[in-house]
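So this block is entry_6.cif, mmCIF, N, CA and C atoms:
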data_input
#
loop_
_atom_site.label_atom_id
_atom_site.label_comp_id
_atom_site.auth_asym_id
_atom_site.auth_seq_id
_atom_site.Cartn_x
_atom_site.Cartn_y
_atom_site.Cartn_z
N ASP A 4 -6.43 16.63 22.63
CA ASP A 4 -6.10 17.55 21.56
C ASP A 4 -6.94 17.26 20.31
N LEU A 5 -7.35 18.29 19.64
CA LEU A 5 -8.03 18.14 18.36
C LEU A 5 -6.98 18.10 17.25
N PHE A 6 -7.33 17.48 16.15
CA PHE A 6 -6.43 17.38 15.00
C PHE A 6 -7.09 18.06 13.81
N PRO A 7 -6.91 19.35 13.65
CA PRO A 7 -7.61 20.09 12.60
C PRO A 7 -7.22 19.65 11.19
N GLU A 8 -6.05 19.04 11.04
CA GLU A 8 -5.61 18.60 9.71
C GLU A 8 -6.07 17.17 9.40
N TYR A 9 -6.69 16.49 10.38
CA TYR A 9 -7.09 15.09 10.20
C TYR A 9 -8.30 14.99 9.29
N GLY A 10 -8.29 14.03 8.39
CA GLY A 10 -9.46 13.76 7.58
C GLY A 10 -9.39 14.35 6.20
N LEU A 11 -10.55 14.57 5.62
CA LEU A 11 -10.66 14.97 4.23
C LEU A 11 -11.69 16.07 4.10
N ASP A 12 -11.26 17.23 3.67
CA ASP A 12 -12.16 18.36 3.48
C ASP A 12 -12.66 18.36 2.04
N LEU A 13 -13.92 18.07 1.85
CA LEU A 13 -14.51 18.02 0.51
C LEU A 13 -15.22 19.32 0.14
N TYR A 14 -15.17 20.30 1.03
CA TYR A 14 -15.89 21.55 0.83
C TYR A 14 -15.52 22.22 -0.50
N GLN A 15 -14.24 22.17 -0.86
CA GLN A 15 -13.80 22.84 -2.08
C GLN A 15 -14.51 22.33 -3.33
N PHE A 16 -15.04 21.11 -3.30
CA PHE A 16 -15.69 20.54 -4.47
C PHE A 16 -17.17 20.90 -4.58
N LEU A 17 -17.74 21.44 -3.51
CA LEU A 17 -19.18 21.71 -3.50
C LEU A 17 -19.61 22.77 -4.50
N PHE A 18 -18.74 23.70 -4.81
CA PHE A 18 -19.14 24.81 -5.68
C PHE A 18 -18.33 24.87 -6.97
N GLU A 19 -17.63 23.79 -7.27
CA GLU A 19 -16.87 23.69 -8.51
C GLU A 19 -17.68 22.88 -9.53
N PRO A 20 -17.42 23.11 -10.81
CA PRO A 20 -18.11 22.31 -11.84
C PRO A 20 -17.76 20.83 -11.71
N ILE A 21 -18.69 19.98 -12.04
CA ILE A 21 -18.47 18.54 -12.01
C ILE A 21 -17.82 18.15 -13.34
N THR A 22 -16.52 17.89 -13.27
CA THR A 22 -15.75 17.57 -14.48
C THR A 22 -14.86 16.37 -14.23
N LYS A 23 -14.36 15.80 -15.30
CA LYS A 23 -13.42 14.68 -15.19
C LYS A 23 -12.17 15.13 -14.43
N PHE A 24 -11.66 16.32 -14.76
CA PHE A 24 -10.45 16.83 -14.09
C PHE A 24 -10.68 16.98 -12.59
N ASN A 25 -11.78 17.62 -12.18
CA ASN A 25 -12.07 17.79 -10.75
C ASN A 25 -12.26 16.43 -10.08
N GLY A 26 -12.83 15.47 -10.80
CA GLY A 26 -12.97 14.12 -10.27
C GLY A 26 -11.62 13.47 -10.01
N GLU A 27 -10.65 13.71 -10.92
CA GLU A 27 -9.31 13.16 -10.72
C GLU A 27 -8.65 13.79 -9.50
N VAL A 28 -8.83 15.10 -9.31
CA VAL A 28 -8.29 15.78 -8.13
C VAL A 28 -8.93 15.21 -6.87
N LEU A 29 -10.24 15.02 -6.89
CA LEU A 29 -10.96 14.44 -5.76
C LEU A 29 -10.42 13.05 -5.44
N GLY A 30 -10.23 12.24 -6.47
CA GLY A 30 -9.72 10.88 -6.27
C GLY A 30 -8.34 10.87 -5.64
N ARG A 31 -7.46 11.78 -6.07
CA ARG A 31 -6.13 11.86 -5.48
C ARG A 31 -6.21 12.27 -4.01
N LYS A 32 -7.11 13.21 -3.70
CA LYS A 32 -7.26 13.65 -2.30
C LYS A 32 -7.73 12.50 -1.42
N ILE A 33 -8.68 11.72 -1.90
CA ILE A 33 -9.19 10.58 -1.14
C ILE A 33 -8.09 9.55 -0.94
N TYR A 34 -7.38 9.20 -2.01
CA TYR A 34 -6.28 8.23 -1.94
C TYR A 34 -5.23 8.68 -0.93
N ASP A 35 -4.80 9.94 -1.05
CA ASP A 35 -3.77 10.48 -0.16
C ASP A 35 -4.23 10.51 1.30
N ALA A 36 -5.51 10.83 1.54
CA ALA A 36 -6.03 10.87 2.91
C ALA A 36 -6.05 9.47 3.53
N ILE A 37 -6.45 8.48 2.76
CA ILE A 37 -6.45 7.11 3.28
C ILE A 37 -5.02 6.70 3.61
N LYS A 38 -4.11 6.96 2.70
CA LYS A 38 -2.71 6.58 2.91
C LYS A 38 -2.11 7.29 4.13
N ARG A 39 -2.47 8.56 4.31
CA ARG A 39 -1.89 9.35 5.40
C ARG A 39 -2.49 9.02 6.76
N TYR A 40 -3.81 8.84 6.83
CA TYR A 40 -4.49 8.77 8.12
C TYR A 40 -4.92 7.37 8.55
N GLU A 41 -4.88 6.40 7.66
CA GLU A 41 -5.37 5.08 8.04
C GLU A 41 -4.29 4.03 7.80
N SER A 42 -3.45 3.84 8.79
CA SER A 42 -2.30 2.95 8.65
C SER A 42 -2.67 1.46 8.63
N ARG A 43 -3.90 1.14 8.98
CA ARG A 43 -4.32 -0.27 9.01
C ARG A 43 -4.67 -0.81 7.64
N VAL A 44 -4.80 0.07 6.66
CA VAL A 44 -5.15 -0.37 5.31
C VAL A 44 -4.18 0.24 4.32
N SER A 45 -4.18 -0.31 3.12
CA SER A 45 -3.36 0.20 2.04
C SER A 45 -4.27 0.51 0.85
N PRO A 46 -4.38 1.79 0.47
CA PRO A 46 -5.24 2.10 -0.67
C PRO A 46 -4.64 1.52 -1.95
N GLN A 47 -5.45 0.86 -2.73
CA GLN A 47 -5.01 0.27 -3.99
C GLN A 47 -5.43 1.13 -5.18
N GLN A 48 -6.65 1.67 -5.08
CA GLN A 48 -7.17 2.44 -6.20
C GLN A 48 -8.37 3.27 -5.75
N VAL A 49 -8.49 4.47 -6.30
CA VAL A 49 -9.68 5.29 -6.12
C VAL A 49 -10.10 5.74 -7.52
N ARG A 50 -11.30 5.33 -7.92
CA ARG A 50 -11.84 5.71 -9.23
C ARG A 50 -12.99 6.67 -9.00
N VAL A 51 -13.00 7.77 -9.74
CA VAL A 51 -14.06 8.77 -9.60
C VAL A 51 -14.66 9.01 -10.98
N LEU A 52 -15.97 8.86 -11.06
CA LEU A 52 -16.70 9.09 -12.30
C LEU A 52 -17.58 10.32 -12.12
N ALA A 53 -17.31 11.34 -12.90
CA ALA A 53 -18.12 12.56 -12.85
C ALA A 53 -19.47 12.31 -13.51
N ASP A 54 -20.53 12.72 -12.83
CA ASP A 54 -21.90 12.58 -13.35
C ASP A 54 -22.60 13.93 -13.25
N PRO A 55 -22.27 14.87 -14.17
CA PRO A 55 -22.82 16.22 -14.06
C PRO A 55 -24.34 16.27 -14.22
N ASP A 56 -24.91 15.33 -14.97
CA ASP A 56 -26.37 15.33 -15.16
C ASP A 56 -27.11 15.10 -13.85
N ASN A 57 -26.50 14.34 -12.94
CA ASN A 57 -27.12 14.06 -11.64
C ASN A 57 -26.45 14.83 -10.50
N ASN A 58 -25.54 15.72 -10.86
CA ASN A 58 -24.88 16.60 -9.89
C ASN A 58 -24.10 15.84 -8.82
N LEU A 59 -23.37 14.79 -9.26
CA LEU A 59 -22.61 14.01 -8.29
C LEU A 59 -21.39 13.35 -8.89
N TYR A 60 -20.56 12.85 -8.01
CA TYR A 60 -19.42 12.00 -8.37
C TYR A 60 -19.68 10.62 -7.81
N ASN A 61 -19.49 9.59 -8.63
CA ASN A 61 -19.53 8.21 -8.16
C ASN A 61 -18.09 7.79 -7.89
N ILE A 62 -17.85 7.29 -6.69
CA ILE A 62 -16.48 7.02 -6.25
C ILE A 62 -16.36 5.55 -5.84
N THR A 63 -15.34 4.89 -6.36
CA THR A 63 -15.04 3.52 -5.97
C THR A 63 -13.68 3.53 -5.29
N VAL A 64 -13.64 2.99 -4.07
CA VAL A 64 -12.40 2.92 -3.29
C VAL A 64 -12.05 1.46 -3.09
N VAL A 65 -10.84 1.09 -3.51
CA VAL A 65 -10.33 -0.26 -3.33
C VAL A 65 -9.18 -0.19 -2.34
N ILE A 66 -9.32 -0.92 -1.25
CA ILE A 66 -8.27 -0.95 -0.23
C ILE A 66 -7.89 -2.39 0.10
N GLU A 67 -6.65 -2.54 0.51
CA GLU A 67 -6.17 -3.83 1.01
C GLU A 67 -6.10 -3.74 2.52
N ILE A 68 -6.55 -4.81 3.18
CA ILE A 68 -6.49 -4.90 4.64
C ILE A 68 -5.49 -6.01 4.96
N PRO A 69 -4.22 -5.63 5.17
CA PRO A 69 -3.17 -6.64 5.33
C PRO A 69 -3.41 -7.64 6.45
N VAL A 70 -3.89 -7.18 7.60
CA VAL A 70 -4.08 -8.09 8.74
C VAL A 70 -5.11 -9.19 8.42
N LEU A 71 -6.03 -8.92 7.51
CA LEU A 71 -7.03 -9.90 7.10
C LEU A 71 -6.68 -10.59 5.79
N ASN A 72 -5.57 -10.14 5.17
CA ASN A 72 -5.18 -10.64 3.86
C ASN A 72 -6.37 -10.55 2.90
N GLN A 73 -6.96 -9.36 2.84
CA GLN A 73 -8.20 -9.17 2.08
C GLN A 73 -8.18 -7.81 1.38
N THR A 74 -8.82 -7.77 0.22
CA THR A 74 -9.02 -6.52 -0.50
C THR A 74 -10.52 -6.29 -0.60
N THR A 75 -10.93 -5.04 -0.40
CA THR A 75 -12.34 -4.72 -0.44
C THR A 75 -12.58 -3.50 -1.33
N GLU A 76 -13.73 -3.48 -1.96
CA GLU A 76 -14.13 -2.38 -2.83
C GLU A 76 -15.43 -1.79 -2.29
N THR A 77 -15.44 -0.49 -2.09
CA THR A 77 -16.62 0.18 -1.55
C THR A 77 -16.99 1.33 -2.47
N LEU A 78 -18.29 1.51 -2.67
CA LEU A 78 -18.80 2.57 -3.53
C LEU A 78 -19.34 3.72 -2.69
N PHE A 79 -19.11 4.93 -3.17
CA PHE A 79 -19.59 6.14 -2.50
C PHE A 79 -20.17 7.08 -3.54
N ALA A 80 -20.97 8.02 -3.07
CA ALA A 80 -21.47 9.09 -3.93
C ALA A 80 -21.27 10.41 -3.21
N LEU A 81 -20.66 11.36 -3.91
CA LEU A 81 -20.57 12.73 -3.42
C LEU A 81 -21.62 13.51 -4.19
N ASP A 82 -22.73 13.79 -3.51
CA ASP A 82 -23.87 14.49 -4.11
C ASP A 82 -23.73 15.97 -3.80
N LEU A 83 -23.41 16.75 -4.81
CA LEU A 83 -23.15 18.17 -4.58
C LEU A 83 -24.44 18.95 -4.35
N LYS A 84 -25.53 18.49 -4.93
CA LYS A 84 -26.81 19.18 -4.72
C LYS A 84 -27.28 19.04 -3.27
N LYS A 85 -27.16 17.83 -2.74
CA LYS A 85 -27.57 17.57 -1.35
C LYS A 85 -26.44 17.85 -0.36
N GLN A 86 -25.26 18.11 -0.88
CA GLN A 86 -24.07 18.31 -0.07
C GLN A 86 -23.86 17.15 0.91
N SER A 87 -23.83 15.94 0.32
CA SER A 87 -23.67 14.74 1.15
C SER A 87 -22.65 13.79 0.52
N PHE A 88 -21.99 13.04 1.37
CA PHE A 88 -21.04 12.00 0.97
C PHE A 88 -21.55 10.72 1.60
N ILE A 89 -22.05 9.81 0.78
CA ILE A 89 -22.68 8.61 1.33
C ILE A 89 -22.04 7.34 0.77
N SER A 90 -22.07 6.30 1.57
CA SER A 90 -21.64 4.99 1.16
C SER A 90 -22.81 4.28 0.50
N ILE A 91 -22.55 3.64 -0.62
CA ILE A 91 -23.58 2.88 -1.31
C ILE A 91 -23.40 1.41 -0.87
N PRO A 92 -24.43 0.82 -0.30
CA PRO A 92 -24.27 -0.48 0.37
C PRO A 92 -24.07 -1.67 -0.55
N THR A 93 -23.04 -1.63 -1.37
CA THR A 93 -22.68 -2.77 -2.21
C THR A 93 -21.19 -2.99 -2.13
N SER A 94 -20.69 -3.38 -0.97
CA SER A 94 -19.27 -3.64 -0.77
C SER A 94 -18.94 -5.02 -1.29
N ARG A 95 -17.75 -5.14 -1.89
CA ARG A 95 -17.34 -6.43 -2.43
C ARG A 95 -15.94 -6.75 -1.96
N ASN A 96 -15.75 -7.93 -1.42
CA ASN A 96 -14.43 -8.38 -0.97
C ASN A 96 -13.86 -9.33 -2.00
N THR A 97 -12.53 -9.26 -2.16
CA THR A 97 -11.88 -10.19 -3.09
C THR A 97 -10.76 -10.91 -2.39
#
This entry written out as structure tokens:
Amino acid sequence: DLFPEYGLDLYQFLFEPITKFNGEVLGRKIYDAIKRYESRVSPQQVRVLADPDNNLYNITVVIEIPVLNQTTETLFALDLKKQSFISIPTSRNT
């Protein structure tokens, strides 16, 4: 069976202005999706910084991995011009 509701649809953000408010909405959607679909981790924080000059959102996701007793921070960029969501390879564990 396919799960059409699984995951995170970022399409709605592709044609909206890059603003602090839209960034907050995006951050809540990411946080809620992690909490709903990934039971192996616990989202601690999602920070989204709107960067309209570069047509993107910089996103920091902090999650706790209980089985490893570890917290990790990963950086992402949602580039609206390129229509891409990429991980920035600077992960930090605490």
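From atom N of Glu67 of chain A back to atom N of Ser87 of chain A, the distance works out to 25.2 Å.
The spacing separating atom C of Asp35 of chain A from atom CA of Gln48 of chain A amounts to 11.4 Å.
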Q | Picked from chain A by DSSP as alpha helix (DSSP H), as an NGL selection string | A | :A and (23-40)
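Going from atom CA of Pro69 of chain A over to atom CA of Thr93 of chain A, you cover 21.3 Å.
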Q: Check which residues satisfy the PyMOL selection byres ((chain A and resi 58) around 6) in the file shown, then give them as a PyMOL selection string.
A: chain A and resi 54-57+59-60+81-84
Q) Applied to the shown file, which residues does the PyMOL selection byres ((chain A and resi 17) around 8) return, written as a PyMOL selection string? A) chain A and resi 13-16+18-20+82-84+86
Q.
Calculated over all atoms listed in the file, which of the candidates A:Phe88, A:Tyr34, A:Val70, A:Gly26 has the smallest distance to Val51 of chain A?
A. A:Gly26
Q: Give the strand (DSSP E or B) residues of chain A, as assigned by DSSP on the backbone, as a ChimeraX atom specification.
A: /A:45-54,59-68,73-82,87-96
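Counting only C-alpha atoms and comparing A:Ser90, A:Ser45, A:Thr63, A:Asn72, the residue that lies closest to Leu29 of chain A is A:Thr63.
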Q.
For the PyMOL selection byres (((chain A and resi 75 and name CA) around 12) and name CA), applied here, can you spell out every residue it catches as a list of chain:residue names?
A.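 Selected by the PyMOL selection byres (((chain A and resi 75 and name CA) around 12) and name CA) here: A:Val44, A:Ser45, A:Pro46, A:Gln47, A:Gln48, A:Val49, A:Thr63, A:Val64, A:Val65, A:Ile66, A:Glu67, A:Ile68, A:Pro69, A:Leu71, A:Asn72, A:Gln73, A:Thr74, A:Glu76, A:Thr77, A:Leu78, A:Thr93, A:Ser94, A:Arg95, A:Asn96, A:Thr97.
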(Q) Using all atoms listed in the file for the distances, tell me which of A:Ile37, A:Gly30, A:Ile21, A:Ala80 is nearest to Ala53 of chain A. (A) A:Ile21
Q) Between A:Leu11, A:Ile62, A:Leu52, A:Lys85, which one has atoms that come closest to Lys32 of chain A, using only C-alpha atoms? A) A:Leu11
Output, as lines of an AutoDock Vina configuration file, the centre and edge lengths in Å (one decimal) of the axis-aligned box that contains all listed atoms of segment 49-64 of chain A with 4 Å of margin on each side.
center_x = -17.8
center_y = 9.0
center_z = -9.1
size_x = 26.6
size_y = 23.1
size_z = 20.1
Q: Using only C-alpha atoms, find the one residue out of A:Pro92, A:Arg50, A:Phe79, A:Asn61 that sits nearest to Glu27 of chain A.
A: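 Of A:Pro92, A:Arg50, A:Phe79, A:Asn61, the one nearest Glu27 of chain A is A:Arg50, counting only C-alpha atoms.
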